[in-house]
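Below is one structure; the comments refer to it alone.
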Amino acid sequence: MLGSTIFTALAAAVGVIASPLELITRTSPGTGTHNGFFYSFWTDGRGSVTYNNGERGSYDVTWNNVNNFVAGKGWNPGANRVISYNGTWNGASVNSYLSIYGWTRNPLIEYYVVESYGTYNPSSGATKRGTIQSDGGTYDIYQTQRVNQPSIEGTSTFYQFWSVRQQKRVGGTVTIQNHFNAWTNAGLKLGSHDYQIVATEGYQSSGSARIEVKAS
């Protein structure tokens, strides 16, 4: 549930070149690359979020009294990867979720493979389109539509595709091709891939997470 926000460092605003540290730890939204991985950090600006790029494919994020943010590390463009991840996610008792998260263009689609969620199932109110067995678990498939909401193409109307794991977990392997195939079989068509990350999202909550991602 994020939009594309252009990052302008405070240092740039005063005519100073940003230091490497500012590209690793940030409290303002943006995208970039770090240690060979793509990262994305978006917030609607309410509350506070600190995002930190760690070694290899790791990141940590802490949020306090936010309205909505999404942050994580992965790849650009997205692809049919086998994605592994592990770490800690302190979001089980608040409104937060951990997912494989990405976008496509033509059509503009926002997608989630939700591995764990807290007090609220993000697919609540969505139209169920089936189920899929993958990577030792069962995922429910949903579709929703967002009207005049932030996106990678600015304020737009677009569909969201969801696979929500019934057996919540924090760590494991996600064969993303299985979900793409299941969505296609349910009539949910993706476009050309933009970015794809293992994301932590928070909504009207406070929490923290430290996640490491890799692809095989």
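Chain lettering (A, B, ...) mirrors the order of the structure tokens, residue numbering begins at 1 for each chain separately, and ligand numbering begins at 1 in order of display.
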(request) Write out as a list of chain:residue names each polymer residue whose atoms come within 8 Å of region 159-166 of chain A, counting only C-alpha atoms; drop sequence neighbours fewer than 5 positions from it. (result) A:Leu108, A:Ile109, A:Glu110, A:Tyr111, A:Tyr112, A:Val113, A:Val114, A:Glu115, A:Ser116, A:Ser123, A:Gly137, A:Thr138, A:Tyr139, A:Asp140, A:Ile141, A:Tyr142, A:Gln143, A:Thr144, A:Gln145, A:Arg146, A:His179, A:Trp183, A:Leu188
(request) Please provide as a count of residues only all residues within 10 Å of Gly36 (chain A), with the sequence filter that same-chain residues fewer than 6 positions apart are discarded (counting only C-alpha atoms). (result) 4
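Around Trp42 (chain A), within 6 Å and counting only C-alpha atoms, the residues found are Pro29, Phe69 and Val70 of chain A, once anything fewer than 5 positions away on its own chain is removed.
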(request) Please identify all polymer residues within 12 Å of Ser84 (chain A), counting only C-alpha atoms, omitting same-chain residues fewer than 4 positions from it, and present them as a VMD selection string. (result) chain A and resid 57 to 58 74 99 to 100 115 135 170 to 176 197 to 198 211 to 216
Taking N, CA and C atoms for each residue, export the selection above as a PDB file, in the first residue's frame.
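Written output follows (result_31.pdb):
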```
ATOM      1  N   GLY A  57      21.745  -9.202   2.589  1.00  0.00           N
ATOM      2  CA  GLY A  57      20.347  -8.881   2.315  1.00  0.00           C
ATOM      3  C   GLY A  57      19.547  -8.553   3.550  1.00  0.00           C
ATOM      4  N   SER A  58      20.189  -8.095   4.606  1.00  0.00           N
ATOM      5  CA  SER A  58      19.473  -7.840   5.853  1.00  0.00           C
ATOM      6  C   SER A  58      19.045  -6.379   5.981  1.00  0.00           C
ATOM      7  N   GLY A  74      15.146  -6.507  -1.445  1.00  0.00           N
ATOM      8  CA  GLY A  74      14.924  -7.569  -2.415  1.00  0.00           C
ATOM      9  C   GLY A  74      15.580  -7.266  -3.738  1.00  0.00           C
ATOM     10  N   SER A  99       5.674  -9.983   4.388  1.00  0.00           N
ATOM     11  CA  SER A  99       5.247 -10.546   3.108  1.00  0.00           C
ATOM     12  C   SER A  99       6.323 -10.415   2.042  1.00  0.00           C
ATOM     13  N   ILE A 100       6.166 -11.216   0.995  1.00  0.00           N
ATOM     14  CA  ILE A 100       6.831 -10.939  -0.281  1.00  0.00           C
ATOM     15  C   ILE A 100       5.925  -9.938  -0.981  1.00  0.00           C
ATOM     16  N   GLU A 115       3.249 -13.888   4.718  1.00  0.00           N
ATOM     17  CA  GLU A 115       3.769 -15.002   5.512  1.00  0.00           C
ATOM     18  C   GLU A 115       3.272 -14.963   6.950  1.00  0.00           C
ATOM     19  N   ASP A 135       5.214 -24.646  -0.458  1.00  0.00           N
ATOM     20  CA  ASP A 135       6.257 -24.491   0.555  1.00  0.00           C
ATOM     21  C   ASP A 135       5.786 -24.897   1.940  1.00  0.00           C
ATOM     22  N   VAL A 170       7.680 -16.910  10.433  1.00  0.00           N
ATOM     23  CA  VAL A 170       8.679 -15.866  10.230  1.00  0.00           C
ATOM     24  C   VAL A 170       9.989 -16.580   9.904  1.00  0.00           C
ATOM     25  N   GLY A 171      10.167 -16.851   8.624  1.00  0.00           N
ATOM     26  CA  GLY A 171      11.335 -17.578   8.153  1.00  0.00           C
ATOM     27  C   GLY A 171      10.936 -18.774   7.321  1.00  0.00           C
ATOM     28  N   GLY A 172      11.613 -18.951   6.185  1.00  0.00           N
ATOM     29  CA  GLY A 172      11.320 -20.078   5.313  1.00  0.00           C
ATOM     30  C   GLY A 172      11.630 -19.740   3.873  1.00  0.00           C
ATOM     31  N   THR A 173      11.070 -20.548   2.984  1.00  0.00           N
ATOM     32  CA  THR A 173      11.276 -20.400   1.547  1.00  0.00           C
ATOM     33  C   THR A 173       9.945 -20.144   0.864  1.00  0.00           C
ATOM     34  N   VAL A 174       9.935 -19.215  -0.069  1.00  0.00           N
ATOM     35  CA  VAL A 174       8.730 -18.900  -0.845  1.00  0.00           C
ATOM     36  C   VAL A 174       9.047 -19.100  -2.315  1.00  0.00           C
ATOM     37  N   THR A 175       8.387 -20.068  -2.937  1.00  0.00           N
ATOM     38  CA  THR A 175       8.518 -20.290  -4.375  1.00  0.00           C
ATOM     39  C   THR A 175       7.508 -19.389  -5.060  1.00  0.00           C
ATOM     40  N   ILE A 176       7.940 -18.201  -5.407  1.00  0.00           N
ATOM     41  CA  ILE A 176       7.011 -17.162  -5.861  1.00  0.00           C
ATOM     42  C   ILE A 176       6.317 -17.555  -7.164  1.00  0.00           C
ATOM     43  N   ILE A 197      10.257  -7.230  -2.984  1.00  0.00           N
ATOM     44  CA  ILE A 197      11.008  -7.203  -1.737  1.00  0.00           C
ATOM     45  C   ILE A 197      10.350  -8.102  -0.695  1.00  0.00           C
ATOM     46  N   VAL A 198      11.119  -8.470   0.327  1.00  0.00           N
ATOM     47  CA  VAL A 198      10.557  -9.077   1.534  1.00  0.00           C
ATOM     48  C   VAL A 198      10.281  -7.916   2.476  1.00  0.00           C
ATOM     49  N   ILE A 211      15.137  -8.538   9.365  1.00  0.00           N
ATOM     50  CA  ILE A 211      14.925  -9.590   8.374  1.00  0.00           C
ATOM     51  C   ILE A 211      16.131  -9.690   7.454  1.00  0.00           C
ATOM     52  N   GLU A 212      16.467 -10.919   7.055  1.00  0.00           N
ATOM     53  CA  GLU A 212      17.487 -11.133   6.024  1.00  0.00           C
ATOM     54  C   GLU A 212      16.887 -11.933   4.891  1.00  0.00           C
ATOM     55  N   VAL A 213      17.181 -11.528   3.654  1.00  0.00           N
ATOM     56  CA  VAL A 213      16.600 -12.175   2.480  1.00  0.00           C
ATOM     57  C   VAL A 213      17.719 -12.683   1.579  1.00  0.00           C
ATOM     58  N   LYS A 214      17.399 -13.716   0.807  1.00  0.00           N
ATOM     59  CA  LYS A 214      18.298 -14.206  -0.231  1.00  0.00           C
ATOM     60  C   LYS A 214      17.467 -14.974  -1.239  1.00  0.00           C
ATOM     61  N   ALA A 215      18.031 -15.192  -2.414  1.00  0.00           N
ATOM     62  CA  ALA A 215      17.348 -15.945  -3.457  1.00  0.00           C
ATOM     63  C   ALA A 215      18.246 -17.066  -3.924  1.00  0.00           C
ATOM     64  N   SER A 216      17.632 -18.195  -4.285  1.00  0.00           N
ATOM     65  CA  SER A 216      18.378 -19.338  -4.796  1.00  0.00           C
ATOM     66  C   SER A 216      17.954 -19.633  -6.226  1.00  0.00           C
TER      67      SER A 216
END
```
Counting only C-alpha atoms, what are the residues of region 90-156 of chain A within 12 Å of region 202-207 of chain A, and for each of them which pair of atoms is the nearest and at what distance in Å, to one decimal? Sort the table by chain and rising number, as a tab-separated table.
```
residue	atom	partner	partner_atom	distance
A:Asn90	CA	A:Gly207	CA	5.7
A:Gly91	CA	A:Gly207	CA	5.7
A:Ala92	CA	A:Gly207	CA	9.2
A:Ser93	CA	A:Gly207	CA	9.1
A:Val94	CA	A:Ser205	CA	6.0
A:Asn95	CA	A:Tyr203	CA	5.6
A:Ser96	CA	A:Gly202	CA	4.3
A:Tyr97	CA	A:Gly202	CA	6.7
A:Leu98	CA	A:Gly202	CA	9.1
A:Ser99	CA	A:Gly202	CA	11.5
A:Tyr117	CA	A:Gly202	CA	9.8
A:Gly118	CA	A:Gly202	CA	9.5
A:Thr119	CA	A:Ser205	CA	10.2
A:Tyr120	CA	A:Tyr203	CA	9.5
A:Asn121	CA	A:Tyr203	CA	11.5
A:Pro122	CA	A:Tyr203	CA	9.9
```
